[in-house]
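Dropping model_36.cif in here (mmCIF, C-alpha atoms):
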data_start
#
loop_
_atom_site.label_atom_id
_atom_site.label_comp_id
_atom_site.auth_asym_id
_atom_site.auth_seq_id
_atom_site.Cartn_x
_atom_site.Cartn_y
_atom_site.Cartn_z
CA MET A 11 0.01 75.16 84.79
CA ALA A 12 0.70 71.66 86.08
CA ARG A 13 4.00 70.23 84.94
CA THR A 14 4.30 66.82 83.35
CA THR A 15 6.39 64.11 84.95
CA ALA A 16 8.95 64.47 82.15
CA GLU A 17 9.30 68.21 82.84
CA VAL A 18 9.80 67.65 86.57
CA ILE A 19 12.45 64.99 85.91
CA LYS A 20 14.14 67.26 83.38
CA PHE A 21 14.35 70.17 85.83
CA ALA A 22 15.80 67.84 88.45
CA LEU A 23 18.38 66.32 86.13
CA TRP A 24 19.82 69.49 84.58
CA PRO A 25 21.46 70.90 87.77
CA LEU A 26 22.73 67.43 88.68
CA ALA A 27 24.25 67.02 85.21
CA VAL A 28 25.80 70.50 85.04
CA MET A 29 27.34 70.32 88.50
CA THR A 30 28.69 66.85 87.78
CA VAL A 31 30.37 68.12 84.60
CA LEU A 32 31.92 71.05 86.48
CA ASN A 33 33.19 68.75 89.23
CA ARG A 34 34.75 66.30 86.78
CA VAL A 35 36.49 69.00 84.73
CA PHE A 36 37.56 71.63 87.27
CA ILE A 37 38.11 69.47 90.37
CA LYS A 38 38.84 65.83 89.59
CA ALA A 39 40.64 66.40 86.28
CA VAL A 40 42.69 69.39 87.44
CA ASN A 41 43.64 67.56 90.66
CA GLY A 42 44.88 64.65 88.57
CA PHE A 43 45.96 61.26 89.84
CA ILE A 44 49.07 59.15 90.25
CA THR A 45 48.53 57.88 86.69
CA ASP A 46 49.44 60.60 84.21
CA ASP A 47 48.91 59.72 80.56
CA TYR A 48 49.67 63.29 79.53
CA ARG A 49 53.27 63.72 80.70
CA PRO A 50 54.81 61.33 78.12
CA VAL A 51 52.67 62.97 75.41
CA TYR A 52 53.86 66.42 76.43
CA GLN A 53 57.49 65.29 76.61
CA ALA A 54 57.29 63.64 73.19
CA SER A 55 55.73 66.80 71.74
CA LEU A 56 58.46 68.92 73.30
CA ASP A 57 61.14 66.61 71.92
CA PHE A 58 59.53 66.70 68.47
CA LEU A 59 59.46 70.52 68.43
CA ASN A 60 63.12 70.61 69.46
CA ARG A 61 64.16 67.95 66.91
CA ARG A 62 65.13 65.43 69.58
CA PRO A 63 64.40 61.65 69.49
CA VAL A 64 60.78 60.89 70.43
CA TYR A 65 60.53 57.09 70.63
CA THR A 66 62.79 56.46 73.61
CA ALA A 67 60.32 54.93 76.13
CA ASN A 68 61.50 52.21 78.48
CA PHE A 69 59.02 49.42 77.83
CA ASP A 70 60.25 47.47 80.85
CA SER A 71 58.62 50.00 83.21
CA VAL A 72 54.92 50.17 84.06
CA ASP A 73 54.75 53.94 83.57
CA PRO A 74 52.59 55.22 80.71
CA HIS A 75 54.45 55.00 77.41
CA TYR A 76 54.32 57.25 74.38
CA LEU A 77 52.84 55.13 71.58
CA TYR A 78 51.45 57.64 69.06
CA PRO A 79 52.74 57.36 65.47
CA PRO A 80 54.59 60.25 63.77
CA SER A 81 51.29 61.49 62.32
CA GLY A 82 49.84 61.74 65.83
CA THR A 83 52.97 63.45 67.11
CA LEU A 84 52.62 66.07 64.38
CA LEU A 85 48.98 66.77 65.32
CA ILE A 86 49.57 66.96 69.07
CA ALA A 87 52.98 68.71 69.07
CA PRO A 88 51.58 72.28 69.37
CA ILE A 89 50.48 71.54 72.95
CA ALA A 90 54.15 71.75 74.02
CA ALA A 91 54.41 75.40 72.94
CA ILE A 92 53.42 76.42 76.50
CA ASP A 93 54.46 75.16 79.93
CA TYR A 94 53.35 71.75 81.16
CA GLU A 95 50.68 72.79 83.67
CA LYS A 96 48.84 75.22 81.39
CA SER A 97 49.20 72.75 78.51
CA ARG A 98 47.63 70.00 80.60
CA TRP A 99 44.71 72.25 81.56
CA LEU A 100 44.22 73.12 77.91
CA PHE A 101 44.23 69.43 76.96
CA ILE A 102 41.64 68.68 79.66
CA ALA A 103 39.46 71.48 78.31
CA LEU A 104 39.90 70.23 74.73
CA ASN A 105 38.76 66.73 75.65
CA ALA A 106 35.88 67.99 77.81
CA ILE A 107 34.63 70.15 74.92
CA ALA A 108 35.01 67.19 72.53
CA ILE A 109 32.91 65.01 74.86
CA LEU A 110 30.23 67.68 75.09
CA ILE A 111 30.07 68.03 71.30
CA ALA A 112 29.89 64.23 71.03
CA TRP A 113 27.03 64.27 73.56
CA TYR A 114 25.13 66.74 71.40
CA LEU A 115 25.77 64.74 68.21
CA LEU A 116 24.57 61.61 69.96
CA LEU A 117 21.33 63.35 70.90
CA ARG A 118 20.78 64.56 67.35
CA LEU A 119 21.66 61.16 65.92
CA PHE A 120 18.73 59.65 67.84
CA ARG A 121 16.49 62.66 67.17
CA TYR A 122 16.45 64.06 70.68
CA THR A 123 16.59 67.78 71.39
CA LEU A 124 18.10 69.77 74.25
CA ASN A 125 14.54 70.21 75.57
CA SER A 126 14.06 66.46 76.02
CA VAL A 127 14.59 64.50 79.21
CA ALA A 128 17.23 62.53 77.36
CA ALA A 129 19.60 65.52 77.19
CA PRO A 130 20.40 65.92 80.93
CA ALA A 131 20.02 62.18 81.55
CA LEU A 132 22.63 61.32 78.93
CA LEU A 133 24.96 64.10 80.04
CA LEU A 134 24.78 62.96 83.67
CA ALA A 135 25.31 59.32 82.73
CA MET A 136 28.35 60.13 80.59
CA PHE A 137 30.12 62.22 83.22
CA MET A 138 29.30 59.72 85.98
CA SER A 139 31.02 56.94 84.05
CA GLU A 140 34.54 55.70 84.72
CA THR A 141 35.50 56.18 81.11
CA VAL A 142 34.82 59.94 81.04
CA ILE A 143 36.14 60.58 84.55
CA ASN A 144 39.45 58.79 84.02
CA THR A 145 39.89 60.15 80.50
CA LEU A 146 39.83 63.63 82.02
CA VAL A 147 41.72 62.76 85.22
CA PHE A 148 44.49 60.86 83.40
CA THR A 149 44.37 63.55 80.67
CA ASN A 150 44.01 61.15 77.76
CA VAL A 151 43.00 61.88 74.17
CA ASN A 152 39.96 59.56 74.25
CA GLY A 153 37.49 62.46 74.37
CA CYS A 154 38.69 63.61 70.95
CA VAL A 155 38.50 60.02 69.69
CA LEU A 156 34.87 59.81 70.84
CA LEU A 157 34.08 63.00 68.93
CA ALA A 158 35.73 61.52 65.82
CA GLU A 159 33.57 58.39 66.20
CA LEU A 160 30.33 60.35 66.49
CA ALA A 161 31.30 62.58 63.57
CA PHE A 162 32.10 59.49 61.51
CA ILE A 163 28.76 57.80 62.27
CA PHE A 164 26.77 61.00 61.75
CA LEU A 165 28.42 61.76 58.40
CA LEU A 166 28.37 58.13 57.29
CA LEU A 167 24.61 57.96 57.74
CA LYS A 168 24.23 61.20 55.79
CA ARG A 169 26.34 59.68 52.98
CA ARG A 170 29.01 62.35 53.25
CA ASP A 171 31.65 59.72 52.74
CA LEU A 172 34.79 61.83 52.27
CA TRP A 173 34.09 63.88 55.38
CA ALA A 174 33.23 60.75 57.37
CA GLY A 175 36.54 59.23 56.29
CA ALA A 176 38.39 62.42 57.23
CA ALA A 177 36.98 62.30 60.77
CA LEU A 178 38.03 58.67 61.09
CA GLY A 179 41.41 59.37 59.47
CA LEU A 180 42.27 62.09 61.98
CA SER A 181 41.53 59.65 64.78
CA ILE A 182 43.57 56.84 63.20
CA ALA A 183 46.45 59.27 62.72
CA VAL A 184 46.70 59.54 66.52
CA LYS A 185 45.66 56.05 67.64
CA PRO A 186 44.01 53.15 65.76
CA THR A 187 41.15 52.58 68.22
CA LEU A 188 38.44 53.31 65.63
CA ALA A 189 40.06 51.47 62.71
CA PRO A 190 37.59 48.51 63.00
CA LEU A 191 34.79 50.88 61.98
CA LEU A 192 36.15 50.80 58.43
CA LEU A 193 34.43 47.41 58.15
CA ILE A 194 31.04 49.15 58.45
CA ALA A 195 31.86 51.45 55.54
CA LEU A 196 33.06 48.41 53.60
CA VAL A 197 29.88 46.36 53.98
CA ARG A 198 27.74 49.43 53.22
CA GLY A 199 29.67 49.97 49.99
CA GLN A 200 30.75 53.49 50.94
CA TRP A 201 34.14 53.23 49.29
CA LYS A 202 34.97 56.92 49.33
CA VAL A 203 35.37 56.69 53.11
CA PHE A 204 38.63 54.82 52.55
CA VAL A 205 40.09 57.63 50.45
CA THR A 206 40.27 60.04 53.37
CA ALA A 207 40.30 57.52 56.23
CA LEU A 208 43.59 56.12 54.92
CA GLY A 209 44.74 59.19 53.03
CA VAL A 210 44.74 61.55 56.02
CA PRO A 211 47.10 59.49 58.26
CA ILE A 212 49.34 58.66 55.28
CA ALA A 213 49.60 62.34 54.33
CA LEU A 214 50.27 63.39 57.93
CA THR A 215 52.95 60.70 58.25
CA ALA A 216 54.61 61.95 55.07
CA ILE A 217 54.69 65.47 56.50
CA ALA A 218 55.90 64.36 59.93
CA TRP A 219 58.63 62.02 58.69
CA PRO A 220 61.26 64.61 57.68
CA LEU A 221 60.42 66.71 60.75
CA SER A 222 61.00 63.84 63.20
CA LYS A 223 64.41 62.83 64.47
CA ASP A 224 63.56 59.14 64.76
CA ALA A 225 60.28 58.45 62.93
CA ASP A 226 61.61 55.08 61.78
CA LYS A 227 61.89 53.96 65.42
CA PHE A 228 58.09 53.96 65.71
CA PHE A 229 57.86 51.17 63.12
CA THR A 230 60.92 49.21 64.26
CA ARG A 231 60.58 49.61 68.04
CA THR A 232 57.21 50.99 69.18
CA PHE A 233 54.89 49.35 66.65
CA PRO A 234 55.91 45.76 67.56
CA TYR A 235 55.43 46.60 71.26
CA ILE A 236 51.84 47.69 70.62
CA PHE A 237 50.99 44.12 69.56
CA GLU A 238 52.58 42.58 72.65
CA SER A 239 50.30 41.69 75.54
CA ARG A 240 51.08 42.79 79.08
CA ASP A 241 49.79 41.64 82.44
CA TYR A 242 49.18 45.06 84.00
CA PHE A 243 46.51 47.70 83.23
CA ASN A 244 45.15 45.32 80.61
CA SER A 245 41.55 44.09 80.72
CA ALA A 246 41.70 42.15 77.46
CA ILE A 247 41.36 38.38 77.77
CA VAL A 248 45.05 37.89 77.10
CA GLY A 249 46.01 40.49 79.70
CA ASN A 250 44.03 38.92 82.52
CA GLY A 251 45.11 35.49 81.29
CA GLU A 252 48.74 36.45 81.83
CA TYR A 253 48.01 38.11 85.17
CA TYR A 254 46.28 35.01 86.54
CA GLY A 255 48.74 32.60 84.93
CA LEU A 256 46.28 30.86 82.60
CA PRO A 257 47.76 28.42 80.06
CA PRO A 258 48.01 29.88 76.53
CA TRP A 259 45.65 27.24 75.10
CA LEU A 260 42.88 28.34 77.45
CA THR A 261 43.40 32.02 76.67
CA TRP A 262 43.39 31.33 72.94
CA GLY A 263 40.34 29.09 73.33
CA MET A 264 38.34 31.86 75.00
CA ARG A 265 39.43 34.36 72.34
CA LEU A 266 38.44 32.01 69.52
CA VAL A 267 35.03 31.21 71.02
CA MET A 268 34.28 34.90 71.55
CA GLY A 269 35.55 35.64 68.05
CA VAL A 270 33.08 33.15 66.57
CA LEU A 271 30.21 34.72 68.55
CA VAL A 272 31.20 38.15 67.27
CA LEU A 273 31.28 36.95 63.65
CA LEU A 274 27.83 35.34 63.98
CA THR A 275 26.45 38.50 65.60
CA LEU A 276 27.83 40.69 62.83
CA TRP A 277 26.39 38.32 60.21
CA LEU A 278 22.91 38.50 61.76
CA LEU A 279 23.14 42.29 61.93
CA TYR A 280 24.21 42.56 58.31
CA ARG A 281 21.76 39.98 56.99
CA TYR A 282 18.65 41.31 58.72
CA TYR A 283 19.30 44.88 59.86
CA ARG A 284 21.54 46.61 57.33
CA ASP A 285 18.57 48.59 55.98
CA ASP A 286 17.67 49.79 59.47
CA GLU A 287 20.63 52.12 59.21
CA LEU A 288 20.80 53.78 62.61
CA PHE A 289 20.37 50.53 64.52
CA PHE A 290 22.77 48.66 62.24
CA VAL A 291 25.60 51.19 62.30
CA CYS A 292 25.46 51.94 66.04
CA THR A 293 25.03 48.32 67.12
CA SER A 294 27.65 46.95 64.72
CA SER A 295 30.15 49.64 65.73
CA GLY A 296 29.65 48.74 69.39
CA VAL A 297 30.09 45.01 68.74
CA LEU A 298 33.23 45.60 66.64
CA LEU A 299 34.84 47.92 69.18
CA THR A 300 33.95 45.77 72.18
CA ALA A 301 35.47 42.77 70.39
CA SER A 302 38.63 44.74 69.66
CA PHE A 303 38.97 45.71 73.34
CA LEU A 304 38.37 42.16 74.55
CA LEU A 305 40.22 40.09 71.96
CA SER A 306 43.24 42.25 71.07
CA SER A 307 46.54 42.50 72.93
CA LEU A 308 45.47 45.52 75.00
CA GLY A 309 42.09 46.64 76.35
CA GLN A 310 41.72 49.35 78.97
CA MET A 311 38.56 50.27 80.80
CA TYR A 312 38.32 53.84 79.57
CA TYR A 313 38.23 52.64 75.96
CA SER A 314 34.56 51.90 76.77
CA MET A 315 33.78 55.55 75.98
CA MET A 316 33.55 54.48 72.33
CA LEU A 317 30.51 52.33 73.20
CA PHE A 318 28.19 55.28 73.91
CA PRO A 319 26.49 55.01 70.47
CA LEU A 320 25.73 51.35 71.17
CA LEU A 321 24.37 52.13 74.65
CA MET A 322 22.14 54.84 73.21
CA THR A 323 20.40 52.26 71.01
CA VAL A 324 18.46 51.23 74.11
CA VAL A 325 15.85 53.80 73.01
CA LEU A 326 15.19 51.77 69.84
CA ARG A 327 12.51 49.09 70.02
CA ASN A 328 14.75 46.45 68.47
CA SER A 329 17.74 47.24 70.68
CA VAL A 330 19.73 44.28 71.97
CA LEU A 331 20.15 46.10 75.31
CA ARG A 332 16.58 45.86 76.61
CA ASN A 333 17.34 43.22 79.23
CA TRP A 334 18.99 43.17 82.63
CA PRO A 335 22.08 41.06 81.69
CA ALA A 336 23.10 43.77 79.20
CA TRP A 337 23.06 46.41 81.91
CA LEU A 338 24.88 44.17 84.36
CA ALA A 339 27.59 43.98 81.68
CA ILE A 340 27.53 47.74 81.19
CA PHE A 341 27.89 48.28 84.94
CA GLY A 342 31.02 46.15 84.81
CA PHE A 343 32.92 48.41 82.41
CA MET A 344 31.22 51.78 82.96
CA SER A 345 30.84 52.10 86.72
CA TYR A 346 33.32 54.28 88.60
CA ASP A 347 32.80 52.15 91.73
CA LYS A 348 35.86 50.41 93.14
CA TRP A 349 35.53 46.86 94.40
CA LEU A 350 38.83 46.59 96.26
CA SER A 351 38.13 45.50 99.84
CA ASP A 352 40.26 45.78 102.98
CA ARG A 353 38.39 42.90 104.62
CA TRP A 354 38.02 40.52 101.65
CA GLN A 355 41.16 41.42 99.73
CA ASN A 356 41.33 38.51 97.28
CA VAL A 357 37.65 38.64 96.40
CA GLY A 358 37.70 42.41 96.05
CA ARG A 359 40.82 42.37 93.89
CA ASN A 360 39.36 39.74 91.57
CA LEU A 361 36.07 41.64 91.26
CA GLU A 362 37.92 44.86 90.45
CA TYR A 363 40.30 43.34 87.90
CA LEU A 364 37.83 41.02 86.16
CA ARG A 365 34.65 43.10 86.04
CA ILE A 366 35.75 44.94 82.89
CA THR A 367 36.70 41.75 81.04
CA PHE A 368 33.51 39.99 82.13
CA GLY A 369 31.47 43.10 81.26
CA TRP A 370 32.78 43.28 77.70
CA GLY A 371 32.38 39.54 77.27
CA LEU A 372 28.86 39.47 78.69
CA LEU A 373 27.81 42.35 76.43
CA LEU A 374 28.95 40.41 73.35
CA ILE A 375 27.20 37.27 74.59
CA VAL A 376 23.96 39.20 75.20
CA ALA A 377 24.02 40.73 71.70
CA PHE A 378 24.55 37.28 70.18
CA CYS A 379 21.84 35.62 72.30
CA VAL A 380 19.23 38.31 71.59
CA LEU A 381 19.79 38.24 67.83
CA SER A 382 20.08 34.46 67.58
CA ASP A 383 16.88 34.04 69.64
CA ARG A 384 15.06 36.36 67.23
CA TYR A 385 16.48 34.43 64.28
CA LEU A 386 15.45 31.02 65.64
CA ALA A 387 11.96 32.28 66.53
CA ALA A 388 11.52 33.76 63.05
CA ARG A 389 12.69 30.52 61.43
CA ARG A 390 10.24 28.46 63.49
CA GLU A 391 7.41 30.77 62.52
CA GLY A 392 8.37 30.89 58.84
CA ARG A 393 8.92 34.65 58.64
CA LEU A 394 12.65 34.84 57.85
CA PRO A 395 11.94 36.40 54.41
CA PHE A 396 10.36 39.33 56.26
CA GLY A 397 13.10 39.82 58.86
CA ILE A 398 13.66 38.48 62.35
CA ASP A 399 11.96 41.14 64.48
CA PRO A 400 8.75 39.92 66.15
CA ALA A 401 5.49 41.49 65.06
CA TRP A 402 5.23 43.91 67.97
CA MET A 403 8.53 45.53 66.95
CA SER A 404 7.19 46.12 63.45
CA SER A 405 3.94 47.74 64.57
CA ALA A 406 3.51 51.49 64.11
CA PRO A 407 4.55 53.68 67.10
CA ASP A 408 1.90 55.50 69.07
CA SER A 409 0.69 58.96 68.11
CA ARG A 410 3.30 60.77 70.20
CA ASP A 411 6.03 59.31 67.99
CA GLY A 412 4.99 61.48 65.07
CA ALA A 413 5.72 64.83 66.72
CA PRO A 414 8.11 66.97 64.65
CA ASP A 415 10.83 67.13 67.31
CA SER A 416 10.04 63.79 68.87
CA PRO A 417 12.95 61.44 69.40
CA ALA A 418 10.78 58.86 67.76
CA ALA A 419 10.76 60.74 64.49
CA SER A 420 12.79 58.89 61.93
CA CYS A 421 16.47 59.74 61.70
CA SER A 422 16.81 61.91 58.61
CA VAL A 423 19.61 59.93 57.07
CA PRO A 424 20.03 59.54 54.21
CA SER A 425 16.65 61.09 53.36
CA GLU A 426 14.01 63.02 55.27
CA THR A 427 11.37 60.30 54.96
CA ALA A 428 9.93 58.76 58.10
CA ALA A 429 9.84 55.31 56.53
CA ILE A 430 12.90 53.10 56.61
CA ASP A 431 13.43 50.68 53.75
CA SER A 432 13.57 47.33 55.46
CA PRO A 433 13.52 43.69 54.36
CA ARG A 434 9.76 43.76 55.03
CA SER A 435 9.13 46.84 52.87
CA ARG A 436 11.23 45.43 50.04
CA ASN A 437 8.93 42.42 49.94
CA GLY A 438 5.85 44.49 49.35
CA SER A 439 4.49 45.10 52.81
CA ALA A 440 4.14 48.50 54.41
CA PRO A 441 7.46 50.16 55.28
CA VAL A 442 8.52 49.78 58.85
CA GLU A 443 8.97 53.03 60.73
CA GLN A 444 12.11 53.55 62.78
CA LYS A 445 11.49 51.74 66.02
CA ARG A 446 12.19 53.87 69.08
CA ILE A 447 10.53 54.89 72.26
CA SER A 448 9.10 58.34 72.77
CA VAL A 449 9.90 60.78 75.55
CA GLU A 450 7.63 63.60 76.61
CA GLN A 451 9.19 66.98 75.89
#
Take the structure in the file and write it out as structure tokens.
Amino acid sequence: MARTTAEVIKFALWPLAVMTVLNRVFIKAVNGFITDDYRPVYQASLDFLNRRPVYTANFDSVDPHYLYPPSGTLLIAPIAAIDYEKSRWLFIALNAIAILIAWYLLLRLFRYTLNSVAAPALLLAMFMSETVINTLVFTNVNGCVLLAELAFIFLLLKRRDLWAGAALGLSIAVKPTLAPLLLIALVRGQWKVFVTALGVPIALTAIAWPLSKDADKFFTRTFPYIFESRDYFNSAIVGNGEYYGLPPWLTWGMRLVMGVLVLLTLWLLYRYYRDDELFFVCTSSGVLLTASFLLSSLGQMYYSMMLFPLLMTVVLRNSVLRNWPAWLAIFGFMSYDKWLSDRWQNVGRNLEYLRITFGWGLLLIVAFCVLSDRYLAARREGRLPFGIDPAWMSSAPDSRDGAPDSPAASCSVPSETAAIDSPRSRNGSAPVEQKRISVEQ
């Protein structure tokens, strides 16, 4: 029997993806690098178990610092029950497994199966990225944070609010990277999310407080440091501004302009796409997190792992990523390539240090331009009451999109119907089906 093009591509991609995963976990990660995010975490956990002070980092050095709150210390402390090397290997395995589970959830979220071409393609892309490679090599907790994000989105869309909040709360208990996602639950009116999202870290802090020798030092010493900007290993606007000696007014000006673009983008998403739940939640989460990386006091390249749900929206017809500037931006903060040059040192150094900042910024600009262009076109044509997507985006998918296991089948959240209640359907027209491309399986 002749194989389809999709089957041939799938058979080619699976061995590439699997071998890449094995290389990243068992070779690159185990070998490690000069940067070691895990050693201060292990030492803090060891100090916590032995009732010694935890928050003693020297913030004048450029070595990785221990910045987790008491609740995070309590959760991570068991890793110090064994020796450092075996503990580090275990932590690498834990994060690798978390990334693999997140990969599977991401596939299911967009209605792809393990038999689709998307499965090996996504797996290969994830483990080829800088964010996954350096999370494993530096032995950081970001893999677990990614899993918490995917669990939150998956459960939020299924309206399992308390469990969604618990997933987010466990993440916030360790580091606040995903805290901006609470805004999505807020605008969707899913108030129960806040019960567990805030309750879990508060409860863990209450348990950890009497067990910690110096829990108060986190709030008096470490917490203020977190909000300080630094000019090394910092790809946020303020970080590169300090590194290149930009005047504060210019740095603040860029942050304010980008902040306005982000607010306008979020308004357009909420006003015209909140009923297209999968697109709205994944795109809004990506915009919020990218803005937090770019505009806060600290943004590091491997934080970009949290943008995988946004990048996956490229399979949706109304995605804001279906253009080449978006993928130029994504190359900037996802590529593992190094741009340092022995021959053109200044140019290479600037490309390497600025590509992440420019990538995040360009991605936000692209999202704003795509949505504002749709809005202006819809206003000119008098169809704002029916949404801002052009007519071709609202047309029914082709016959392949109706297959039971097709990625184009509607995401079954919160109901199993294939029709999504959209601004157009609320005004009496036919419901608009979830807009996504199909892949032969």
Taking the file as I've supplied it (selection: the PyMOL selection byres ((chain A and resi 207) around 10)), which residues are included? Please answer as a PyMOL selection string. chain A and resi 162+171-183+189+192+202-206+208-212
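Residues having any atom no farther than 12 Å from (60.2, 52.2, 76.6) (counting all atoms listed in the file) are A:Pro50, A:Val64, A:Tyr65, A:Thr66, A:Ala67, A:Asn68, A:Phe69, A:Asp70, A:Ser71, A:Val72, A:Asp73, A:Pro74, A:His75, A:Tyr76, A:Leu77, A:Lys227, A:Phe228, A:Arg231, A:Thr232, A:Phe233, A:Pro234, A:Tyr235, A:Ile236.
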Discussion item. Which residues are near Leu56 (chain A)? Cut-off 7 Å, all atoms listed in the file, ignore same chain within fewer than 4 positions. Put them as a ChimeraX atom specification.
Written reply: /A:52,60,87,90
* Residue among A:Ala12, A:Val272, A:Leu160, A:Ile109 lying closest to Ile143 (chain A), counting only C-alpha atoms ->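 Looking at the shortest contact to Ile143 (chain A), the residue is A:Ile109.
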Can you list what the PyMOL selection byres ((chain A and resi 286-296) around 7) grabs from this structure, as a PyMOL selection string? chain A and resi 191+194+276+279+283-285+297-300+317+319-320+323+430+432
For the atom pair CA of Phe229 (chain A) and CA of Arg62 (chain A), what is the interatomic distance in Å to one decimal place?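 Going from CA of Phe229 (chain A) over to CA of Arg62 (chain A), I get 17.3 Å.
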Leu59 (chain A) proximity check over A:Leu156, A:Leu221, A:Met138, A:Leu364, using all atoms listed in the file: winner is A:Leu221
Report the closest atom pair, with its distance in Å rounded to one decimal, for each residue of region 58-150 of chain A that has an atom no farther than 12 Å from region 19-26 of chain A; count only C-alpha atoms, sort by chain and then rising residue number, and write it as a tab-separated table.
residue	atom	partner	partner_atom	distance
A:Leu124	CA	A:Lys20	CA	10.3
A:Asn125	CA	A:Lys20	CA	8.4
A:Ser126	CA	A:Lys20	CA	7.4
A:Val127	CA	A:Lys20	CA	5.0
A:Ala128	CA	A:Lys20	CA	8.3
A:Ala129	CA	A:Trp24	CA	8.4
A:Pro130	CA	A:Trp24	CA	5.1
A:Ala131	CA	A:Leu23	CA	6.4
A:Leu132	CA	A:Leu23	CA	9.7
A:Leu133	CA	A:Trp24	CA	8.7
A:Leu134	CA	A:Leu26	CA	7.0
A:Ala135	CA	A:Leu26	CA	10.4
A:Phe137	CA	A:Leu26	CA	10.6
A:Met138	CA	A:Leu26	CA	10.5
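The list of residues within 7 Å of (54.5, 63.0, 62.7), counted using all atoms listed in the file, is Pro79, Pro80, Ser81, Gly82, Thr83, Leu84, Leu214, Thr215, Ile217, Ala218, Trp219 and Ser222 of chain A.
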Next item on the list: Compare A:Met344, A:Leu273, A:Leu331, A:Ile366 by their minimum atom-to-atom distance to Phe303 (chain A), counting all atoms listed in the file, and give me the closest one.
Entry: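 Result for the nearest residue to Phe303 (chain A): A:Ile366.
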What separates CA of Leu166 (chain A) and CA of Phe120 (chain A) is a distance of 14.4 Å
